[in-house]
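Enquirer: Input: one structure, supplied below.
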Amino acid sequence: MTGTFDLADGDALVVGGSRGIGLALTHALLDAGQEGHEQGRVFVTHRQDVLPASLQSLAARFGERLQPLYCELGDDTSIASLGDQLRAAKARPSLTLHAAGILHEEGLKPEKALTQAQGASLLRLFEINSIAPLLVARTVLPLVPKSGPCHFAALSAMVGSIGDNRIGGWYGYRASKAALNQFLKTLAIEARRTHPGLCITAIHPGTTDTDLSKPFQANVPEQRLYTPEQSAARILRVVMAGTPEASGRFMNWNGETLPW
């Protein structure tokens, strides 16, 4: 595979696929399978109790090829249940894309100074941005084929690079993404023994026009603010170009390697 994903190769899983980049990834994967031959399914997690409207419209178009699954990433039991749902569906995820993450929410926003750091906010950022992807990997990897080209990727961020940190601030978000990178690097080392055909990637998607970045777009040049569709296409291209020998890498959306 050199940048595209043929869903005849297996199933795909998008974690956090009902909005933003995750929704664009889901749509791109479904579109990639419209070639007339037997196709794998696209499993996509959502956190609402009812199926979000964004996924309802895709289900109407793609039918059973879209497989929505409920998962609350702040709940270990719910993440474990995700594995039960995948096993019940006999899923074989050759591609997992973890697109869920938070930068801000009610009562939580990036810190501009040390005085704004709050324990509860820091824990929340680590819970969703770092710990949840690792627990998803623990749940999904037993279902991933042990041989053949497979991929597990999570959306990281350039601000998670310790080597590239030049302006400070955003303590919790930076640290939670740095922790995610370390988790994925460590997992890649173990997976070389258990899943020799697997490539694990942390990828920076670039500043994308989503709810996550919206409060911080004022100073972003127009040509550097990307649509979710642009980011999804780039993510898939970079992730699918990865080889097992490169597993544990930290990549930019343009295919360049980022410093840890």
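Going by the structure tokens order, chains are called A, B, ..., each with residues numbered from 1, while ligands are numbered from 1 in the order shown.
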DSSP on the backbone, then: every residue of region 6-253 of chain A marked alpha helix (DSSP H), written as a PyMOL selection string.

Expert: chain A and resi 20-32+53-62+76-88+119-126+132-140+171-194+228-240

Enquirer: Would you pick out the contacts of Gly163 (chain A) at 12 Å or less, using only C-alpha atoms, so that residues sharing its chain but fewer than 3 positions from it are not included, and give the list as a PDB file with all heavy atoms, in the first residue's frame?

Expert:
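Written file, result-v6.pdb:
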```pdb
ATOM      1  N   MET A 158       1.766  18.875  16.492  1.00  0.00           N
ATOM      2  CA  MET A 158       3.131  19.374  16.484  1.00  0.00           C
ATOM      3  C   MET A 158       3.492  20.009  17.832  1.00  0.00           C
ATOM      4  O   MET A 158       4.641  19.947  18.262  1.00  0.00           O
ATOM      5  CB  MET A 158       3.333  20.382  15.359  1.00  0.00           C
ATOM      6  CG  MET A 158       4.786  20.773  15.142  1.00  0.00           C
ATOM      7  SD  MET A 158       5.038  21.847  13.713  1.00  0.00           S
ATOM      8  CE  MET A 158       4.699  20.702  12.363  1.00  0.00           C
ATOM      9  N   VAL A 159       2.501  20.587  18.510  1.00  0.00           N
ATOM     10  CA  VAL A 159       2.792  21.191  19.818  1.00  0.00           C
ATOM     11  C   VAL A 159       3.137  20.131  20.858  1.00  0.00           C
ATOM     12  O   VAL A 159       3.603  20.463  21.950  1.00  0.00           O
ATOM     13  CB  VAL A 159       1.627  22.071  20.319  1.00  0.00           C
ATOM     14  CG1 VAL A 159       1.399  23.244  19.387  1.00  0.00           C
ATOM     15  CG2 VAL A 159       0.361  21.260  20.514  1.00  0.00           C
ATOM     16  N   GLY A 160       2.910  18.848  20.542  1.00  0.00           N
ATOM     17  CA  GLY A 160       3.340  17.778  21.432  1.00  0.00           C
ATOM     18  C   GLY A 160       4.808  17.455  21.305  1.00  0.00           C
ATOM     19  O   GLY A 160       5.339  16.657  22.092  1.00  0.00           O
ATOM     20  N   ARG A 166       8.891  26.058  21.281  1.00  0.00           N
ATOM     21  CA  ARG A 166       9.662  27.298  21.310  1.00  0.00           C
ATOM     22  C   ARG A 166       8.935  28.460  21.969  1.00  0.00           C
ATOM     23  O   ARG A 166       9.559  29.459  22.315  1.00  0.00           O
ATOM     24  CB  ARG A 166      10.031  27.699  19.872  1.00  0.00           C
ATOM     25  CG  ARG A 166      11.051  26.773  19.229  1.00  0.00           C
ATOM     26  CD  ARG A 166      11.139  26.986  17.727  1.00  0.00           C
ATOM     27  NE  ARG A 166       9.935  26.474  17.065  1.00  0.00           N
ATOM     28  CZ  ARG A 166       9.763  26.471  15.738  1.00  0.00           C
ATOM     29  NH1 ARG A 166      10.697  26.972  14.960  1.00  0.00           N
ATOM     30  NH2 ARG A 166       8.662  25.978  15.212  1.00  0.00           N
ATOM     31  N   ILE A 167       7.618  28.366  22.158  1.00  0.00           N
ATOM     32  CA  ILE A 167       6.886  29.506  22.708  1.00  0.00           C
ATOM     33  C   ILE A 167       6.166  29.188  24.018  1.00  0.00           C
ATOM     34  O   ILE A 167       5.604  30.074  24.648  1.00  0.00           O
ATOM     35  CB  ILE A 167       5.875  30.064  21.688  1.00  0.00           C
ATOM     36  CG1 ILE A 167       4.822  29.004  21.331  1.00  0.00           C
ATOM     37  CG2 ILE A 167       6.594  30.548  20.434  1.00  0.00           C
ATOM     38  CD1 ILE A 167       3.703  29.537  20.463  1.00  0.00           C
ATOM     39  N   GLY A 168       6.183  27.918  24.461  1.00  0.00           N
ATOM     40  CA  GLY A 168       5.565  27.558  25.733  1.00  0.00           C
ATOM     41  C   GLY A 168       4.053  27.639  25.696  1.00  0.00           C
ATOM     42  O   GLY A 168       3.423  27.688  24.649  1.00  0.00           O
ATOM     43  N   ARG A 174      -0.069  20.201  25.295  1.00  0.00           N
ATOM     44  CA  ARG A 174       1.269  19.801  24.852  1.00  0.00           C
ATOM     45  C   ARG A 174       1.695  18.488  25.521  1.00  0.00           C
ATOM     46  O   ARG A 174       2.154  17.549  24.847  1.00  0.00           O
ATOM     47  CB  ARG A 174       2.292  20.881  25.211  1.00  0.00           C
ATOM     48  CG  ARG A 174       2.282  22.117  24.355  1.00  0.00           C
ATOM     49  CD  ARG A 174       3.422  23.050  24.771  1.00  0.00           C
ATOM     50  NE  ARG A 174       3.401  24.311  24.068  1.00  0.00           N
ATOM     51  CZ  ARG A 174       3.938  24.521  22.868  1.00  0.00           C
ATOM     52  NH1 ARG A 174       4.537  23.519  22.236  1.00  0.00           N
ATOM     53  NH2 ARG A 174       3.888  25.710  22.306  1.00  0.00           N
ATOM     54  N   ALA A 178       2.448  14.785  23.950  1.00  0.00           N
ATOM     55  CA  ALA A 178       3.776  14.185  24.114  1.00  0.00           C
ATOM     56  C   ALA A 178       3.646  12.796  24.735  1.00  0.00           C
ATOM     57  O   ALA A 178       4.359  11.861  24.351  1.00  0.00           O
ATOM     58  CB  ALA A 178       4.662  15.083  24.971  1.00  0.00           C
ATOM     59  N   LEU A 258       8.667  14.408  12.249  1.00  0.00           N
ATOM     60  CA  LEU A 258       8.717  15.479  13.248  1.00  0.00           C
ATOM     61  C   LEU A 258       9.640  15.083  14.404  1.00  0.00           C
ATOM     62  O   LEU A 258       9.777  13.903  14.733  1.00  0.00           O
ATOM     63  CB  LEU A 258       7.317  15.765  13.792  1.00  0.00           C
ATOM     64  CG  LEU A 258       6.342  16.383  12.783  1.00  0.00           C
ATOM     65  CD1 LEU A 258       4.954  16.484  13.395  1.00  0.00           C
ATOM     66  CD2 LEU A 258       6.817  17.765  12.336  1.00  0.00           C
ATOM     67  N   PRO A 259      10.276  16.063  15.046  1.00  0.00           N
ATOM     68  CA  PRO A 259      11.137  15.760  16.203  1.00  0.00           C
ATOM     69  C   PRO A 259      10.284  15.420  17.419  1.00  0.00           C
ATOM     70  O   PRO A 259       9.212  15.971  17.622  1.00  0.00           O
ATOM     71  CB  PRO A 259      11.902  17.073  16.411  1.00  0.00           C
ATOM     72  CG  PRO A 259      10.986  18.132  15.884  1.00  0.00           C
ATOM     73  CD  PRO A 259      10.265  17.504  14.720  1.00  0.00           C
ATOM     74  N   TRP A 260      10.788  14.489  18.225  1.00  0.00           N
ATOM     75  CA  TRP A 260      10.073  14.124  19.449  1.00  0.00           C
ATOM     76  C   TRP A 260      10.100  15.273  20.446  1.00  0.00           C
ATOM     77  O   TRP A 260       9.214  15.444  21.239  1.00  0.00           O
ATOM     78  CB  TRP A 260      10.674  12.879  20.073  1.00  0.00           C
ATOM     79  CG  TRP A 260      10.545  11.660  19.201  1.00  0.00           C
ATOM     80  CD1 TRP A 260      11.539  10.987  18.554  1.00  0.00           C
ATOM     81  CD2 TRP A 260       9.337  10.934  18.889  1.00  0.00           C
ATOM     82  NE1 TRP A 260      11.049   9.910  17.854  1.00  0.00           N
ATOM     83  CE2 TRP A 260       9.697   9.855  18.053  1.00  0.00           C
ATOM     84  CE3 TRP A 260       8.006  11.116  19.243  1.00  0.00           C
ATOM     85  CZ2 TRP A 260       8.757   8.963  17.563  1.00  0.00           C
ATOM     86  CZ3 TRP A 260       7.070  10.219  18.752  1.00  0.00           C
ATOM     87  CH2 TRP A 260       7.446   9.154  17.920  1.00  0.00           C
TER      88      TRP A 260
END
```

Enquirer: Take CA of Pro244 (chain A) and CA of Pro149 (chain A) and report the distance between them in Å, one decimal.

Expert: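 Those two atoms sit 7.6 Å apart.
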
Enquirer: List the spatial neighbours of region 204-208 of chain A as a PyMOL selection string - criterion: any atom at most 7 Å away, only C-alpha atoms, same-chain residues fewer than 4 positions off excluded.

Expert: chain A and resi 155-158+213+224-228+231+235+251-253

Enquirer: Mind dumping the selected residues with N, CA, C and O atoms as a PDB file, in the first residue's frame?

Expert:
```
ATOM      1  N   LEU A 155      -4.170  10.780  15.859  1.00  0.00           N
ATOM      2  CA  LEU A 155      -3.888  12.187  15.602  1.00  0.00           C
ATOM      3  C   LEU A 155      -3.144  12.767  16.794  1.00  0.00           C
ATOM      4  O   LEU A 155      -3.669  12.836  17.899  1.00  0.00           O
ATOM      5  N   SER A 156      -1.916  13.163  16.551  1.00  0.00           N
ATOM      6  CA  SER A 156      -1.121  13.845  17.557  1.00  0.00           C
ATOM      7  C   SER A 156      -1.134  15.336  17.226  1.00  0.00           C
ATOM      8  O   SER A 156      -2.089  15.841  16.639  1.00  0.00           O
ATOM      9  N   ALA A 157      -0.094  16.062  17.584  1.00  0.00           N
ATOM     10  CA  ALA A 157      -0.021  17.497  17.301  1.00  0.00           C
ATOM     11  C   ALA A 157       1.428  17.931  17.344  1.00  0.00           C
ATOM     12  O   ALA A 157       2.209  17.436  18.163  1.00  0.00           O
ATOM     13  N   MET A 158       1.766  18.875  16.492  1.00  0.00           N
ATOM     14  CA  MET A 158       3.131  19.374  16.484  1.00  0.00           C
ATOM     15  C   MET A 158       3.492  20.009  17.832  1.00  0.00           C
ATOM     16  O   MET A 158       4.641  19.947  18.262  1.00  0.00           O
ATOM     17  N   SER A 213     -10.246  23.670  16.645  1.00  0.00           N
ATOM     18  CA  SER A 213      -9.339  24.792  16.373  1.00  0.00           C
ATOM     19  C   SER A 213     -10.045  26.133  16.256  1.00  0.00           C
ATOM     20  O   SER A 213      -9.389  27.183  16.269  1.00  0.00           O
ATOM     21  N   ARG A 224      -3.040  28.263   5.401  1.00  0.00           N
ATOM     22  CA  ARG A 224      -2.575  27.234   6.326  1.00  0.00           C
ATOM     23  C   ARG A 224      -3.705  26.705   7.211  1.00  0.00           C
ATOM     24  O   ARG A 224      -3.453  26.006   8.181  1.00  0.00           O
ATOM     25  N   LEU A 225      -4.932  27.063   6.878  1.00  0.00           N
ATOM     26  CA  LEU A 225      -6.103  26.510   7.550  1.00  0.00           C
ATOM     27  C   LEU A 225      -6.786  25.570   6.573  1.00  0.00           C
ATOM     28  O   LEU A 225      -7.321  25.995   5.556  1.00  0.00           O
ATOM     29  N   TYR A 226      -6.764  24.276   6.889  1.00  0.00           N
ATOM     30  CA  TYR A 226      -7.185  23.266   5.928  1.00  0.00           C
ATOM     31  C   TYR A 226      -8.601  22.776   6.234  1.00  0.00           C
ATOM     32  O   TYR A 226      -9.055  22.782   7.386  1.00  0.00           O
ATOM     33  N   THR A 227      -9.283  22.334   5.208  1.00  0.00           N
ATOM     34  CA  THR A 227     -10.602  21.738   5.409  1.00  0.00           C
ATOM     35  C   THR A 227     -10.429  20.331   5.968  1.00  0.00           C
ATOM     36  O   THR A 227      -9.383  19.696   5.776  1.00  0.00           O
ATOM     37  N   PRO A 228     -11.447  19.810   6.646  1.00  0.00           N
ATOM     38  CA  PRO A 228     -11.355  18.421   7.120  1.00  0.00           C
ATOM     39  C   PRO A 228     -11.091  17.437   5.986  1.00  0.00           C
ATOM     40  O   PRO A 228     -10.373  16.454   6.176  1.00  0.00           O
ATOM     41  N   SER A 231      -7.369  17.530   5.124  1.00  0.00           N
ATOM     42  CA  SER A 231      -6.574  16.863   6.158  1.00  0.00           C
ATOM     43  C   SER A 231      -6.767  15.360   6.123  1.00  0.00           C
ATOM     44  O   SER A 231      -5.806  14.595   6.281  1.00  0.00           O
ATOM     45  N   ILE A 235      -3.795  12.673   5.707  1.00  0.00           N
ATOM     46  CA  ILE A 235      -3.563  11.690   6.771  1.00  0.00           C
ATOM     47  C   ILE A 235      -3.535  10.282   6.190  1.00  0.00           C
ATOM     48  O   ILE A 235      -2.635   9.489   6.476  1.00  0.00           O
ATOM     49  N   MET A 251       4.827  11.821  12.463  1.00  0.00           N
ATOM     50  CA  MET A 251       4.827  12.382  11.119  1.00  0.00           C
ATOM     51  C   MET A 251       4.006  13.662  11.023  1.00  0.00           C
ATOM     52  O   MET A 251       3.009  13.839  11.718  1.00  0.00           O
ATOM     53  N   ASN A 252       4.439  14.534  10.121  1.00  0.00           N
ATOM     54  CA  ASN A 252       3.663  15.702   9.753  1.00  0.00           C
ATOM     55  C   ASN A 252       2.708  15.320   8.627  1.00  0.00           C
ATOM     56  O   ASN A 252       2.913  14.316   7.924  1.00  0.00           O
ATOM     57  N   TRP A 253       1.700  16.132   8.400  1.00  0.00           N
ATOM     58  CA  TRP A 253       0.716  15.845   7.358  1.00  0.00           C
ATOM     59  C   TRP A 253       1.331  15.796   5.961  1.00  0.00           C
ATOM     60  O   TRP A 253       0.778  15.175   5.060  1.00  0.00           O
TER      61      TRP A 253
END
```

Enquirer: Which residues come within 10 Å of Asn181 (chain A), counting only C-alpha atoms, excluding same-chain residues fewer than 3 positions away, as JSON, numbers by chain?

Expert: {"A": [130, 154, 155, 156, 157, 160, 161, 175, 176, 177, 178, 184, 185, 186, 187, 201, 202, 203, 248, 249, 250, 260]}

Enquirer: Per DSSP on the backbone, filter region 8-78 of chain A down to the residues in strand (DSSP E) and report them as a PyMOL selection string.

Expert: chain A and resi 11-15+42-46+66-70

Enquirer: Please dump the current selection as a compact mmCIF listing (two decimals), in the first residue's frame; keep N, CA and C atoms.

Expert:
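Produced file selection_6.txt, reproduced below:
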```
# COMPACT_ATOMS: atom_id res chain seq x y z
N ASP A 11 -11.28 -4.53 7.25
CA ASP A 11 -12.14 -3.50 7.80
C ASP A 11 -11.31 -2.32 8.29
N ALA A 12 -11.97 -1.19 8.44
CA ALA A 12 -11.35 0.00 9.01
C ALA A 12 -12.15 0.41 10.25
N LEU A 13 -11.45 1.04 11.19
CA LEU A 13 -12.07 1.58 12.39
C LEU A 13 -11.64 3.02 12.55
N VAL A 14 -12.61 3.92 12.68
CA VAL A 14 -12.33 5.33 12.96
C VAL A 14 -12.89 5.65 14.34
N VAL A 15 -12.03 6.00 15.26
CA VAL A 15 -12.45 6.34 16.61
C VAL A 15 -12.68 7.84 16.67
N VAL A 42 -16.53 -0.05 7.37
CA VAL A 42 -15.94 1.06 8.12
C VAL A 42 -16.70 1.16 9.45
N PHE A 43 -16.04 0.75 10.52
CA PHE A 43 -16.59 0.90 11.86
C PHE A 43 -16.22 2.29 12.37
N VAL A 44 -17.16 2.95 13.00
CA VAL A 44 -16.91 4.31 13.45
C VAL A 44 -17.56 4.51 14.82
N THR A 45 -16.79 5.06 15.76
CA THR A 45 -17.33 5.27 17.10
C THR A 45 -17.91 6.67 17.23
N HIS A 46 -18.92 6.75 18.07
CA HIS A 46 -19.53 8.03 18.43
C HIS A 46 -19.87 7.98 19.91
N LEU A 66 -21.22 0.95 6.56
CA LEU A 66 -20.95 1.81 7.72
C LEU A 66 -21.49 1.13 8.96
N GLN A 67 -20.60 0.94 9.96
CA GLN A 67 -20.98 0.24 11.18
C GLN A 67 -20.72 1.16 12.39
N PRO A 68 -21.72 1.92 12.82
CA PRO A 68 -21.53 2.82 13.96
C PRO A 68 -21.50 2.03 15.27
N LEU A 69 -20.63 2.46 16.19
CA LEU A 69 -20.48 1.83 17.48
C LEU A 69 -20.41 2.91 18.57
N TYR A 70 -21.15 2.71 19.63
CA TYR A 70 -21.07 3.67 20.74
C TYR A 70 -19.82 3.40 21.58
```

Enquirer: Within 8 Å of region 103-105 of chain A, counting only C-alpha atoms, which residues qualify if same-chain residues fewer than 4 places away don't, as a short mmCIF file (atom, residue, chain, number, x, y, z; two decimals) with C-alpha atoms, in the first residue's frame?

Expert:
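Result saved to selection.cif:
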```cif
data_model
loop_
_atom_site.label_atom_id
_atom_site.label_comp_id
_atom_site.auth_asym_id
_atom_site.auth_seq_id
_atom_site.Cartn_x
_atom_site.Cartn_y
_atom_site.Cartn_z
CA LYS A 109 -9.21 25.86 27.90
CA PRO A 110 -5.49 25.95 27.06
CA LEU A 125 -6.63 16.11 28.77
CA TYR A 173 -2.45 19.83 25.65
CA LEU A 212 -11.31 22.02 18.09
#
```

Enquirer: Residues at most 9 Å from Arg192 (chain A), counting only C-alpha atoms, excluding those fewer than 4 positions away in the same chain, as an MDAnalysis selection string?

Expert: chainID A and resid 187:188 196:199 244:245 247

Enquirer: Can you work out the spacing between CA of Leu73 (chain A) and CA of Thr96 (chain A) in Å, to one decimal?

Expert: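 According to the coordinates, CA of Leu73 (chain A) and CA of Thr96 (chain A) are separated by 15.2 Å.
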
Enquirer: If I take CA of Ala241 (chain A) and CA of Leu29 (chain A), how far is one from the other in Å, to one decimal?

Expert: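 We find that CA of Ala241 (chain A) and CA of Leu29 (chain A) lie 15.5 Å from each other.
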